[in-house]
>>> print(open('input12.cif').read())   # mmCIF, C-alpha atoms
data_entry
#
loop_
_atom_site.label_atom_id
_atom_site.label_comp_id
_atom_site.auth_asym_id
_atom_site.auth_seq_id
_atom_site.Cartn_x
_atom_site.Cartn_y
_atom_site.Cartn_z
CA MET Y 410 44.07 -131.36 -185.09
CA THR Y 411 46.02 -133.42 -182.58
CA GLY Y 412 49.46 -133.01 -181.07
CA ARG Y 413 49.13 -129.34 -180.15
CA ASP Y 414 51.65 -128.15 -177.58
CA THR Y 415 49.62 -125.52 -175.77
CA ARG Y 416 52.53 -124.56 -173.50
CA ALA Y 417 54.76 -123.18 -176.23
CA PRO Y 418 54.38 -119.63 -177.56
CA VAL Y 419 52.62 -119.12 -180.88
CA VAL Y 420 53.12 -116.64 -183.70
CA GLY Y 421 50.03 -114.59 -184.54
CA LEU Y 422 49.79 -112.63 -187.81
CA ASP Y 423 47.17 -110.05 -188.73
CA LEU Y 424 46.99 -109.19 -192.43
CA GLY Y 425 45.13 -106.06 -193.43
CA GLY Y 426 45.04 -104.03 -196.60
CA THR Y 427 47.57 -101.52 -195.27
CA LYS Y 428 49.56 -103.25 -192.54
CA ILE Y 429 50.82 -106.62 -191.34
CA ALA Y 430 51.03 -107.03 -187.56
CA ALA Y 431 52.96 -109.91 -186.02
CA ALA Y 432 53.24 -111.01 -182.42
CA LEU Y 433 54.75 -113.75 -180.34
CA VAL Y 434 51.98 -114.81 -177.95
CA GLY Y 435 52.69 -116.74 -174.78
CA ALA Y 436 50.59 -119.62 -173.50
CA ASP Y 437 48.84 -117.23 -171.08
CA GLY Y 438 47.83 -114.89 -173.90
CA THR Y 439 50.52 -112.31 -173.19
CA VAL Y 440 52.08 -110.58 -176.18
CA LEU Y 441 55.84 -111.09 -175.80
CA VAL Y 442 57.16 -109.50 -179.02
CA ARG Y 443 55.53 -107.24 -181.63
CA HIS Y 444 56.42 -106.29 -185.18
CA THR Y 445 54.64 -104.37 -187.95
CA ARG Y 446 55.35 -103.76 -191.62
CA PRO Y 447 53.42 -102.44 -194.63
CA THR Y 448 51.30 -104.83 -196.69
CA PRO Y 449 52.61 -105.01 -200.28
CA ALA Y 450 48.99 -104.86 -201.41
CA THR Y 451 49.76 -104.10 -205.05
CA GLY Y 452 52.59 -106.62 -205.37
CA GLY Y 453 50.47 -109.75 -205.76
CA ALA Y 454 49.80 -112.77 -203.58
CA GLU Y 455 53.36 -114.11 -203.58
CA ALA Y 456 54.72 -110.80 -202.32
CA VAL Y 457 52.13 -110.76 -199.54
CA LEU Y 458 52.99 -114.33 -198.50
CA ASP Y 459 56.69 -113.42 -198.47
CA ALA Y 460 55.98 -110.39 -196.29
CA LEU Y 461 53.89 -112.48 -193.87
CA ALA Y 462 56.71 -115.01 -193.57
CA GLU Y 463 59.25 -112.24 -192.94
CA ALA Y 464 57.02 -110.74 -190.26
CA ALA Y 465 56.76 -114.16 -188.59
CA ARG Y 466 60.54 -114.48 -188.57
CA GLU Y 467 60.87 -111.13 -186.80
CA VAL Y 468 58.99 -112.41 -183.72
CA ARG Y 469 59.70 -116.13 -183.81
CA VAL Y 470 61.86 -117.80 -181.15
CA PRO Y 471 63.21 -121.37 -180.86
CA GLY Y 472 60.52 -123.86 -179.87
CA VAL Y 473 57.69 -122.25 -181.82
CA THR Y 474 55.86 -124.78 -183.99
CA ARG Y 475 52.51 -123.11 -184.70
CA LEU Y 476 51.40 -119.98 -186.52
CA GLY Y 477 47.94 -118.47 -186.73
CA VAL Y 478 47.10 -115.98 -189.44
CA ALA Y 479 44.06 -113.73 -189.46
CA ALA Y 480 43.73 -112.43 -193.02
CA ALA Y 481 41.59 -110.09 -195.04
CA GLY Y 482 39.19 -111.79 -197.44
CA VAL Y 483 36.85 -114.77 -197.28
CA ILE Y 484 38.96 -117.56 -195.79
CA ASP Y 485 38.19 -121.30 -195.72
CA PRO Y 486 40.00 -122.58 -192.61
CA VAL Y 487 39.71 -126.22 -193.71
CA SER Y 488 41.38 -125.82 -197.10
CA GLY Y 489 43.47 -122.88 -195.94
CA THR Y 490 42.47 -120.94 -199.05
CA VAL Y 491 41.31 -117.38 -199.75
CA THR Y 492 38.04 -118.19 -201.48
CA SER Y 493 37.09 -114.61 -202.32
CA ALA Y 494 38.54 -111.13 -201.88
CA THR Y 495 38.17 -107.56 -203.02
CA ASP Y 496 40.88 -105.78 -204.97
CA THR Y 497 42.26 -104.14 -201.82
CA ILE Y 498 45.02 -106.79 -202.02
CA ARG Y 499 45.76 -107.48 -205.66
CA GLY Y 500 45.36 -111.11 -206.74
CA TRP Y 501 44.48 -112.30 -203.24
CA ALA Y 502 41.45 -114.42 -204.18
CA GLY Y 503 42.40 -118.07 -204.70
CA THR Y 504 45.63 -117.85 -202.70
CA ALA Y 505 46.71 -121.02 -200.86
CA LEU Y 506 47.31 -119.06 -197.67
CA ALA Y 507 48.00 -121.86 -195.18
CA ALA Y 508 50.08 -123.94 -197.58
CA GLY Y 509 52.09 -120.94 -198.72
CA LEU Y 510 52.92 -119.84 -195.19
CA ALA Y 511 53.64 -123.36 -193.95
CA ALA Y 512 56.09 -123.86 -196.80
CA ARG Y 513 57.82 -120.53 -196.17
CA THR Y 514 58.08 -120.82 -192.37
CA GLY Y 515 58.19 -124.55 -191.64
CA LEU Y 516 55.45 -124.00 -189.05
CA ARG Y 517 52.02 -125.59 -188.72
CA VAL Y 518 49.50 -122.96 -189.83
CA ALA Y 519 45.87 -122.22 -188.98
CA CYS Y 520 44.00 -119.41 -190.74
CA ASP Y 521 40.71 -117.56 -190.77
CA ASN Y 522 39.25 -114.18 -191.66
CA ASP Y 523 40.93 -111.38 -189.72
CA VAL Y 524 37.83 -109.87 -188.16
CA ARG Y 525 36.37 -113.24 -187.19
CA ALA Y 526 39.60 -114.10 -185.40
CA ALA Y 527 39.61 -110.84 -183.45
CA ALA Y 528 35.92 -111.22 -182.62
CA ALA Y 529 36.53 -114.62 -181.05
CA THR Y 530 38.36 -112.93 -178.19
CA GLU Y 531 35.24 -110.85 -177.47
CA LEU Y 532 32.89 -113.82 -177.77
CA ALA Y 533 34.83 -115.72 -175.13
CA ASP Y 534 33.81 -113.05 -172.58
CA LEU Y 535 30.09 -113.39 -173.30
CA GLY Y 536 29.55 -116.93 -172.08
CA GLY Y 537 28.01 -119.91 -173.79
CA ASP Y 538 25.01 -118.19 -175.38
CA GLY Y 539 26.47 -114.81 -176.33
CA THR Y 540 25.40 -112.96 -179.47
CA LEU Y 541 27.93 -110.52 -180.91
CA ILE Y 542 28.31 -108.08 -183.80
CA TYR Y 543 31.90 -107.08 -184.49
CA ALA Y 544 32.77 -104.48 -187.12
CA ALA Y 545 36.25 -103.48 -188.24
CA VAL Y 546 36.41 -100.19 -190.12
CA GLY Y 547 39.75 -99.48 -191.74
CA THR Y 548 41.04 -99.79 -195.30
CA GLY Y 549 37.87 -101.80 -195.86
CA VAL Y 550 34.87 -102.64 -193.69
CA GLY Y 551 34.92 -106.15 -192.31
CA GLY Y 552 32.87 -107.87 -189.69
CA ALA Y 553 31.96 -110.97 -187.76
CA VAL Y 554 28.72 -112.25 -186.26
CA ALA Y 555 28.26 -114.76 -183.46
CA ALA Y 556 24.97 -116.18 -182.19
CA GLY Y 557 24.31 -118.54 -179.32
CA GLY Y 558 27.99 -118.58 -178.38
CA ARG Y 559 29.12 -119.71 -181.85
CA MET Y 560 30.99 -117.70 -184.45
CA LEU Y 561 29.11 -117.92 -187.74
CA GLN Y 562 31.12 -118.77 -190.85
CA GLY Y 563 28.20 -119.27 -193.22
CA ALA Y 564 28.17 -120.67 -196.74
CA GLY Y 565 31.61 -120.22 -198.28
CA GLY Y 566 32.88 -118.55 -195.11
CA VAL Y 567 31.17 -115.29 -196.07
CA ALA Y 568 29.23 -114.64 -192.83
CA GLY Y 569 29.96 -111.30 -191.22
CA HIS Y 570 31.14 -109.28 -194.23
CA LEU Y 571 29.28 -106.20 -193.05
CA GLY Y 572 30.97 -103.87 -195.51
CA HIS Y 573 28.89 -105.35 -198.30
CA LEU Y 574 25.50 -104.59 -196.81
CA PRO Y 575 23.55 -101.96 -198.77
CA SER Y 576 23.88 -98.39 -197.50
CA PRO Y 577 21.68 -95.50 -198.70
CA GLU Y 578 24.59 -93.10 -198.16
CA ALA Y 579 26.64 -95.09 -200.69
CA ASP Y 580 23.97 -95.18 -203.39
CA GLY Y 581 25.64 -95.36 -206.80
CA LEU Y 582 29.18 -95.52 -205.45
CA PRO Y 583 31.37 -98.42 -206.66
CA CYS Y 584 32.46 -100.90 -204.01
CA THR Y 585 35.74 -102.81 -204.01
CA CYS Y 586 33.77 -106.04 -204.48
CA GLY Y 587 32.52 -104.88 -207.89
CA ALA Y 588 28.98 -103.99 -206.83
CA THR Y 589 27.65 -100.52 -206.02
CA GLY Y 590 26.00 -98.93 -203.00
CA HIS Y 591 27.69 -100.99 -200.29
CA LEU Y 592 28.69 -99.61 -196.88
CA GLU Y 593 32.42 -99.98 -197.60
CA ALA Y 594 32.10 -97.50 -200.48
CA ILE Y 595 31.29 -94.64 -198.09
CA ALA Y 596 32.50 -95.75 -194.63
CA ALA Y 597 36.01 -97.18 -195.11
CA GLY Y 598 39.01 -94.91 -194.62
CA PRO Y 599 39.84 -94.50 -198.33
CA ALA Y 600 36.13 -94.01 -199.07
CA ILE Y 601 35.83 -91.15 -196.58
CA THR Y 602 38.95 -89.56 -198.07
CA ALA Y 603 37.51 -89.90 -201.58
CA HIS Y 604 34.19 -88.41 -200.50
CA TYR Y 605 36.02 -85.44 -198.98
CA ALA Y 606 37.48 -84.74 -202.42
CA ARG Y 607 34.05 -85.10 -204.05
CA LEU Y 608 32.68 -82.49 -201.66
CA GLY Y 609 35.36 -80.03 -202.79
CA GLY Y 610 38.07 -80.60 -200.23
CA GLU Y 611 41.74 -80.04 -201.01
CA PRO Y 612 43.66 -83.17 -202.11
CA ALA Y 613 44.36 -85.47 -199.13
CA ASP Y 614 46.65 -88.49 -199.07
CA ARG Y 615 44.91 -90.35 -196.26
CA LEU Y 616 42.09 -90.26 -193.73
CA GLN Y 617 44.28 -88.85 -190.95
CA THR Y 618 44.85 -85.76 -193.07
CA VAL Y 619 41.10 -85.33 -193.49
CA ALA Y 620 40.62 -85.76 -189.73
CA ALA Y 621 43.25 -83.12 -188.99
CA ARG Y 622 41.48 -80.69 -191.31
CA ALA Y 623 38.14 -81.45 -189.66
CA ALA Y 624 39.69 -80.59 -186.29
CA LEU Y 625 40.64 -77.20 -187.76
CA GLY Y 626 37.06 -76.59 -188.88
CA ASP Y 627 37.12 -77.69 -192.53
CA PRO Y 628 33.40 -78.21 -193.30
CA HIS Y 629 34.04 -80.65 -196.15
CA ALA Y 630 36.23 -82.82 -193.92
CA THR Y 631 33.65 -82.77 -191.15
CA ALA Y 632 30.87 -83.70 -193.55
CA ALA Y 633 32.79 -86.60 -195.11
CA ILE Y 634 33.73 -88.09 -191.73
CA THR Y 635 30.30 -87.76 -190.19
CA LEU Y 636 28.57 -89.20 -193.28
CA GLY Y 637 30.81 -92.28 -193.21
CA ALA Y 638 30.21 -92.66 -189.48
CA ARG Y 639 26.43 -92.28 -189.80
CA ALA Y 640 26.33 -94.85 -192.58
CA ALA Y 641 28.18 -97.36 -190.41
CA GLY Y 642 26.00 -96.59 -187.40
CA ARG Y 643 22.77 -97.07 -189.34
CA VAL Y 644 23.85 -100.42 -190.77
CA LEU Y 645 25.00 -101.68 -187.38
CA GLY Y 646 21.83 -100.47 -185.68
CA GLY Y 647 19.65 -102.25 -188.21
CA LEU Y 648 21.67 -105.42 -187.84
CA ALA Y 649 21.34 -105.16 -184.06
CA ASN Y 650 17.55 -105.13 -184.45
CA ALA Y 651 17.79 -108.32 -186.50
CA LEU Y 652 20.11 -110.21 -184.14
CA GLY Y 653 19.55 -108.79 -180.65
CA PRO Y 654 23.25 -108.81 -179.70
CA HIS Y 655 24.63 -108.68 -176.20
CA ARG Y 656 27.59 -106.65 -177.47
CA VAL Y 657 28.45 -104.57 -180.54
CA VAL Y 658 32.14 -103.87 -181.07
CA VAL Y 659 33.57 -101.31 -183.50
CA ALA Y 660 37.28 -101.73 -184.15
CA GLY Y 661 39.81 -100.63 -186.76
CA GLY Y 662 41.79 -97.56 -187.65
CA VAL Y 663 38.88 -95.33 -188.70
CA PRO Y 664 37.23 -95.10 -185.24
CA GLY Y 665 40.66 -94.11 -183.94
CA ILE Y 666 40.48 -90.72 -185.65
CA GLY Y 667 38.52 -89.41 -182.70
CA ALA Y 668 35.29 -88.21 -181.16
CA LEU Y 669 33.83 -86.62 -184.31
CA TYR Y 670 33.59 -90.04 -185.95
CA GLN Y 671 32.68 -91.98 -182.81
CA ASP Y 672 29.92 -89.60 -181.73
CA ALA Y 673 28.30 -89.57 -185.17
CA LEU Y 674 28.37 -93.36 -185.39
CA ARG Y 675 26.95 -93.78 -181.89
CA THR Y 676 24.12 -91.31 -182.52
CA ALA Y 677 23.12 -92.97 -185.80
CA PHE Y 678 23.33 -96.43 -184.24
CA THR Y 679 21.14 -95.51 -181.27
CA ALA Y 680 18.52 -93.88 -183.48
CA GLU Y 681 17.92 -97.18 -185.29
CA LEU Y 682 17.39 -99.35 -182.21
CA MET Y 683 14.11 -100.92 -181.18
CA PRO Y 684 13.03 -100.10 -177.59
CA PRO Y 685 14.35 -103.30 -175.93
CA LEU Y 686 17.84 -102.46 -177.23
CA ARG Y 687 17.93 -98.76 -176.37
CA ALA Y 688 20.65 -99.20 -173.74
CA LEU Y 689 23.00 -100.92 -176.21
CA ARG Y 690 26.05 -98.92 -177.29
CA PRO Y 691 28.99 -99.76 -179.57
CA THR Y 692 32.21 -100.38 -177.68
CA PRO Y 693 35.90 -100.59 -178.66
CA PRO Y 694 37.54 -104.04 -178.64
CA ARG Y 695 38.58 -105.21 -175.19
CA GLY Y 696 41.81 -106.61 -176.60
CA GLY Y 697 42.78 -103.16 -177.85
CA THR Y 698 45.22 -102.99 -180.72
CA ASP Y 699 46.35 -106.57 -180.00
CA ALA Y 700 42.89 -108.10 -180.56
CA ALA Y 701 43.61 -109.39 -184.06
CA VAL Y 702 47.01 -110.94 -183.33
CA LEU Y 703 45.67 -112.54 -180.15
CA GLY Y 704 42.75 -113.93 -182.12
CA ALA Y 705 45.14 -115.19 -184.80
CA ALA Y 706 47.24 -117.02 -182.24
CA ALA Y 707 44.10 -118.57 -180.72
CA LEU Y 708 43.18 -120.09 -184.10
CA THR Y 709 45.95 -122.64 -183.62
CA ARG Y 710 43.98 -124.14 -180.72
CA THR Y 711 40.66 -124.55 -182.50
CA LEU Y 712 41.10 -124.82 -186.29
CA PRO Y 713 42.84 -127.33 -188.58
CA LEU Y 714 46.62 -127.02 -188.66
CA HIS Y 715 48.24 -127.22 -192.08
CA ASP Y 716 51.54 -129.08 -191.85
CA PRO Y 717 54.51 -127.87 -193.96
CA HIS Y 718 55.44 -131.49 -194.73
CA THR Y 719 52.05 -132.43 -196.18
CA THR Y 720 50.88 -129.26 -197.97
CA GLY Y 721 52.24 -130.34 -201.32
CA VAL Y 722 53.93 -126.97 -201.69
CA PRO Y 723 57.76 -126.99 -202.08
CA ARG Y 724 59.57 -125.57 -199.06
#
>>> encode(input="input12.cif", output="C-alpha cells")
Amino acid sequence: MTGRDTRAPVVGLDLGGTKIAAALVGADGTVLVRHTRPTPATGGAEAVLDALAEAAREVRVPGVTRLGVAAAGVIDPVSGTVTSATDTIRGWAGTALAAGLAARTGLRVACDNDVRAAAATELADLGGDGTLIYAAVGTGVGGAVAAGGRMLQGAGGVAGHLGHLPSPEADGLPCTCGATGHLEAIAAGPAITAHYARLGGEPADRLQTVAARAALGDPHATAAITLGARAAGRVLGGLANALGPHRVVVAGGVPGIGALYQDALRTAFTAELMPPLRALRPTPPRGGTDAAVLGAAALTRTLPLHDPHTTGVPR
C-alpha cells in the first residue's frame, strides 16, 4: 500500500448487473472522461472482466497507473476476490477480480463492493463519528452501513447487503440469492416488473415501461411500483431504528423513475421511525450519478493495490 502517486488521475469502474460505468478521475475528484457500456451479465466472468478492461481503456490516458473497481457481489478487498454473488451476473462468485483486471490492463487495482465504494463518498461528509445507511436499488438491492465514521465490512465482507433482509411484501417470492422472502425479490427493478405481470399487467420489458404505464393511470403498474417502494421504505425505516443514522441515502436506477416511487418509499420509511428519528428523511446521493465511479477511484487511496506483475495471472 505504498508508492501511491496521488497527483495522477485514476480510472474508476462501477460494475452493476446491467451497466458498466467508467471514468477518468482527476486528483481533485473531478470526472474528466466518462464511458458506459452494457454488462455482459450472461456471458460469464471472463466476459465481464474483458468488458471492464475495455471500459478502462476507453477513459485511460498516459500516466495512469491505478484503477479502482466497485463491483456487484461480496468483495474481499485484500484477496481481490468475489467471495459470493447472486446469479444476476452469471458465474461471478469466486472470480479473481483484482488479479484479472490487473493482468488485462497492466494497472494496479483496488476493489470493493460497488455500494460500499459509493457510500464512502457520503461518509466523508459526516465527520469522524458519522453513522450512515446507504441503499442502492436497481437491478438488485445493495447497501452499505457505516457506524462511528467507519464503513462496516463484516464477516466475509457481507455487511450492508440490505436486499437480503426479510420483507413481508416478498413473502414466498424467490430471491436471486436462492432464499425466499427477501427485499430484493419485490423491490428491485426486475422484481417490480415481474410483480406488475403477476398483477395482470400487459407484458413489459423493463421497469421504465411499467413507470410510463403508471404515469398514464395503469392501476397494476401503480400498485407494483408502490408496493416495491413501500417494502424498501419499511426495511430502511426499521434499520434506521436499529442504527440511529445521521443520514439515509437511497440511490440507483429505480428511485429515478419518479415521484410515485419516491413518495411511497418516503411515507413507508417515516411511518416506521421511532420519535427521536422523526425528522430523518431518505436523500439522493450527493455525488449524483458519478457517486459510484468516484468511490471506485477513491479505493486506490485506501485499500490494497494488486500489482499486475505479482498477481500470478498471465498478462
>>> residues_around(input="input12.cif", residues="Y:Ala417", least_positions_apart="6", cutoff="10 Å", atoms="only C-alpha atoms", output="PyMOL selection string")
chain Y and resi 434-437+471-475
>>> resolve_selection(input="input12.cif", expression="the PyMOL selection byres ((chain Y and resi 489) around 9)", output="VMD selection string")
chain Y and resid 484 to 488 490 to 491 504 to 508 518 to 521 713 to 715
>>> closest_residue(input="input12.cif", among="Y:Leu645, Y:Val659, Y:Ala460, Y:Ala638", to="Y:Gly696", atoms="all atoms listed in the file")
Y:Val659
>>> resolve_selection(input="input12.cif", expression="the PyMOL selection byres ((chain Y and resi 549-560) around 9)", output="compact mmCIF listing (two decimals) with C-alpha atoms, in the coordinates of the input")
# COMPACT_ATOMS: atom_id res chain seq x y z
CA GLY Y 425 45.13 -106.06 -193.43
CA GLY Y 426 45.04 -104.03 -196.60
CA ALA Y 481 41.59 -110.09 -195.04
CA GLY Y 482 39.19 -111.79 -197.44
CA THR Y 497 42.26 -104.14 -201.82
CA ASN Y 522 39.25 -114.18 -191.66
CA ASP Y 523 40.93 -111.38 -189.72
CA VAL Y 524 37.83 -109.87 -188.16
CA ARG Y 525 36.37 -113.24 -187.19
CA ALA Y 526 39.60 -114.10 -185.40
CA ALA Y 527 39.61 -110.84 -183.45
CA ALA Y 528 35.92 -111.22 -182.62
CA ALA Y 529 36.53 -114.62 -181.05
CA LEU Y 532 32.89 -113.82 -177.77
CA ALA Y 533 34.83 -115.72 -175.13
CA LEU Y 535 30.09 -113.39 -173.30
CA GLY Y 536 29.55 -116.93 -172.08
CA GLY Y 537 28.01 -119.91 -173.79
CA ASP Y 538 25.01 -118.19 -175.38
CA GLY Y 539 26.47 -114.81 -176.33
CA THR Y 540 25.40 -112.96 -179.47
CA LEU Y 541 27.93 -110.52 -180.91
CA ILE Y 542 28.31 -108.08 -183.80
CA TYR Y 543 31.90 -107.08 -184.49
CA ALA Y 544 32.77 -104.48 -187.12
CA ALA Y 545 36.25 -103.48 -188.24
CA VAL Y 546 36.41 -100.19 -190.12
CA GLY Y 547 39.75 -99.48 -191.74
CA THR Y 548 41.04 -99.79 -195.30
CA LEU Y 561 29.11 -117.92 -187.74
CA GLN Y 562 31.12 -118.77 -190.85
CA ALA Y 568 29.23 -114.64 -192.83
CA GLY Y 569 29.96 -111.30 -191.22
CA HIS Y 570 31.14 -109.28 -194.23
CA LEU Y 571 29.28 -106.20 -193.05
CA GLY Y 572 30.97 -103.87 -195.51
CA HIS Y 573 28.89 -105.35 -198.30
CA THR Y 585 35.74 -102.81 -204.01
CA LEU Y 592 28.69 -99.61 -196.88
CA GLU Y 593 32.42 -99.98 -197.60
CA ALA Y 594 32.10 -97.50 -200.48
CA ALA Y 596 32.50 -95.75 -194.63
CA ALA Y 597 36.01 -97.18 -195.11
CA GLY Y 598 39.01 -94.91 -194.62
CA PRO Y 599 39.84 -94.50 -198.33
CA ALA Y 600 36.13 -94.01 -199.07
CA LEU Y 652 20.11 -110.21 -184.14
CA PRO Y 654 23.25 -108.81 -179.70
CA GLY Y 661 39.81 -100.63 -186.76
>>> atom_distance(input="input12.cif", atom1="atom CA of Y:Pro575", atom2="atom CA of Y:Thr602")
19.8 Å
>>> closest_residue(input="input12.cif", among="Y:Val442, Y:Ile634, Y:Gly563, Y:Val657", to="Y:Val483", atoms="all atoms listed in the file")
Y:Gly563
>>> atom_distance(input="input12.cif", atom1="atom CA of Y:Pro664", atom2="atom CA of Y:Leu636")
13.2 Å
>>> closest_residue(input="input12.cif", among="Y:Ala465, Y:Ala641, Y:Ala606, Y:Leu458", to="Y:Pro628", atoms="all atoms listed in the file")
Y:Ala606
>>> atom_distance(input="input12.cif", atom1="atom CA of Y:Trp501", atom2="atom CA of Y:Val470")
28.6 Å
>>> closest_residue(input="input12.cif", among="Y:Ala479, Y:Ala680, Y:Ala620, Y:Leu712", to="Y:Arg517", atoms="only C-alpha atoms")
Y:Leu712
>>> residues_around(input="input12.cif", residues="stretch 649-651 of chain Y", least_positions_apart="4", cutoff="10 Å", atoms="all atoms listed in the file", output="list in words")
Thr540, Leu541, Ile542, Arg643, Val644, Leu645, His655, Arg656, Val657, Phe678, Glu681, Leu682, Met683, Pro684, Pro685, Leu686 and Leu689 of chain Y
>>> residues_around(input="input12.cif", residues="Y:Ala705", least_positions_apart="4", cutoff="7 Å", atoms="all atoms listed in the file", output="PyMOL selection string")
chain Y and resi 421-423+477-479+526+701
>>> residues_around(input="input12.cif", residues="Y:Ala579", least_positions_apart="2", cutoff="8 Å", atoms="only C-alpha atoms", output="ChimeraX atom specification")
/Y:575-577,581-582,589-592,594-595
>>> write_last_selection(input="input12.cif", atoms="C-alpha atoms", output="PDB file, in the coordinates of the input")
ATOM      1  CA  PRO Y 575      23.550-101.960-198.770  1.00  0.00           C
ATOM      2  CA  SER Y 576      23.880 -98.390-197.500  1.00  0.00           C
ATOM      3  CA  PRO Y 577      21.680 -95.500-198.700  1.00  0.00           C
ATOM      4  CA  GLY Y 581      25.640 -95.360-206.800  1.00  0.00           C
ATOM      5  CA  LEU Y 582      29.180 -95.520-205.450  1.00  0.00           C
ATOM      6  CA  THR Y 589      27.650-100.520-206.020  1.00  0.00           C
ATOM      7  CA  GLY Y 590      26.000 -98.930-203.000  1.00  0.00           C
ATOM      8  CA  HIS Y 591      27.690-100.990-200.290  1.00  0.00           C
ATOM      9  CA  LEU Y 592      28.690 -99.610-196.880  1.00  0.00           C
ATOM     10  CA  ALA Y 594      32.100 -97.500-200.480  1.00  0.00           C
ATOM     11  CA  ILE Y 595      31.290 -94.640-198.090  1.00  0.00           C
TER      12      ILE Y 595
END
>>> residues_near_point(input="input12.cif", point="(56.6, -105.2, -178.9)", cutoff="12 Å", atoms="only C-alpha atoms", output="PyMOL selection string")
chain Y and resi 430-434+439-445+467-468+698-699
>>> closest_residue(input="input12.cif", among="Y:Thr514, Y:Thr676, Y:Thr448, Y:Ser493", to="Y:Val420", atoms="all atoms listed in the file")
Y:Thr514
>>> decode(input="input12.cif", residues="stretch 550-561 of chain Y", atoms="N, CA, C and O atoms", output="compact mmCIF listing (two decimals), in the first residue's frame")
# COMPACT_ATOMS: atom_id res chain seq x y z
N VAL Y 550 -30.80 -5.10 -5.10
CA VAL Y 550 -30.83 -4.14 -3.99
C VAL Y 550 -29.57 -4.36 -3.18
O VAL Y 550 -29.39 -5.40 -2.53
N GLY Y 551 -28.69 -3.38 -3.23
CA GLY Y 551 -27.45 -3.44 -2.47
C GLY Y 551 -27.46 -2.40 -1.37
O GLY Y 551 -28.38 -1.59 -1.27
N GLY Y 552 -26.43 -2.41 -0.56
CA GLY Y 552 -26.38 -1.43 0.51
C GLY Y 552 -25.03 -1.37 1.19
O GLY Y 552 -24.13 -2.18 0.91
N ALA Y 553 -24.90 -0.40 2.04
CA ALA Y 553 -23.70 -0.23 2.85
C ALA Y 553 -24.11 0.41 4.17
O ALA Y 553 -25.07 1.18 4.21
N VAL Y 554 -23.37 0.08 5.22
CA VAL Y 554 -23.64 0.63 6.54
C VAL Y 554 -22.33 1.10 7.14
O VAL Y 554 -21.31 0.40 7.09
N ALA Y 555 -22.36 2.31 7.69
CA ALA Y 555 -21.20 2.84 8.41
C ALA Y 555 -21.64 3.25 9.80
O ALA Y 555 -22.76 3.73 9.98
N ALA Y 556 -20.78 3.06 10.77
CA ALA Y 556 -21.07 3.44 12.15
C ALA Y 556 -19.81 4.01 12.77
O ALA Y 556 -18.71 3.49 12.56
N GLY Y 557 -19.97 5.11 13.51
CA GLY Y 557 -18.83 5.72 14.16
C GLY Y 557 -17.76 6.17 13.18
O GLY Y 557 -16.58 6.15 13.50
N GLY Y 558 -18.18 6.57 11.98
CA GLY Y 558 -17.21 7.06 10.99
C GLY Y 558 -16.50 5.98 10.22
O GLY Y 558 -15.63 6.28 9.41
N ARG Y 559 -16.84 4.71 10.44
CA ARG Y 559 -16.16 3.60 9.77
C ARG Y 559 -17.14 2.78 8.94
O ARG Y 559 -18.20 2.39 9.43
N MET Y 560 -16.76 2.51 7.70
CA MET Y 560 -17.56 1.64 6.86
C MET Y 560 -17.43 0.21 7.36
O MET Y 560 -16.32 -0.28 7.58
N LEU Y 561 -18.55 -0.45 7.55
CA LEU Y 561 -18.53 -1.82 8.06
C LEU Y 561 -18.42 -2.80 6.90
O LEU Y 561 -19.18 -2.72 5.94
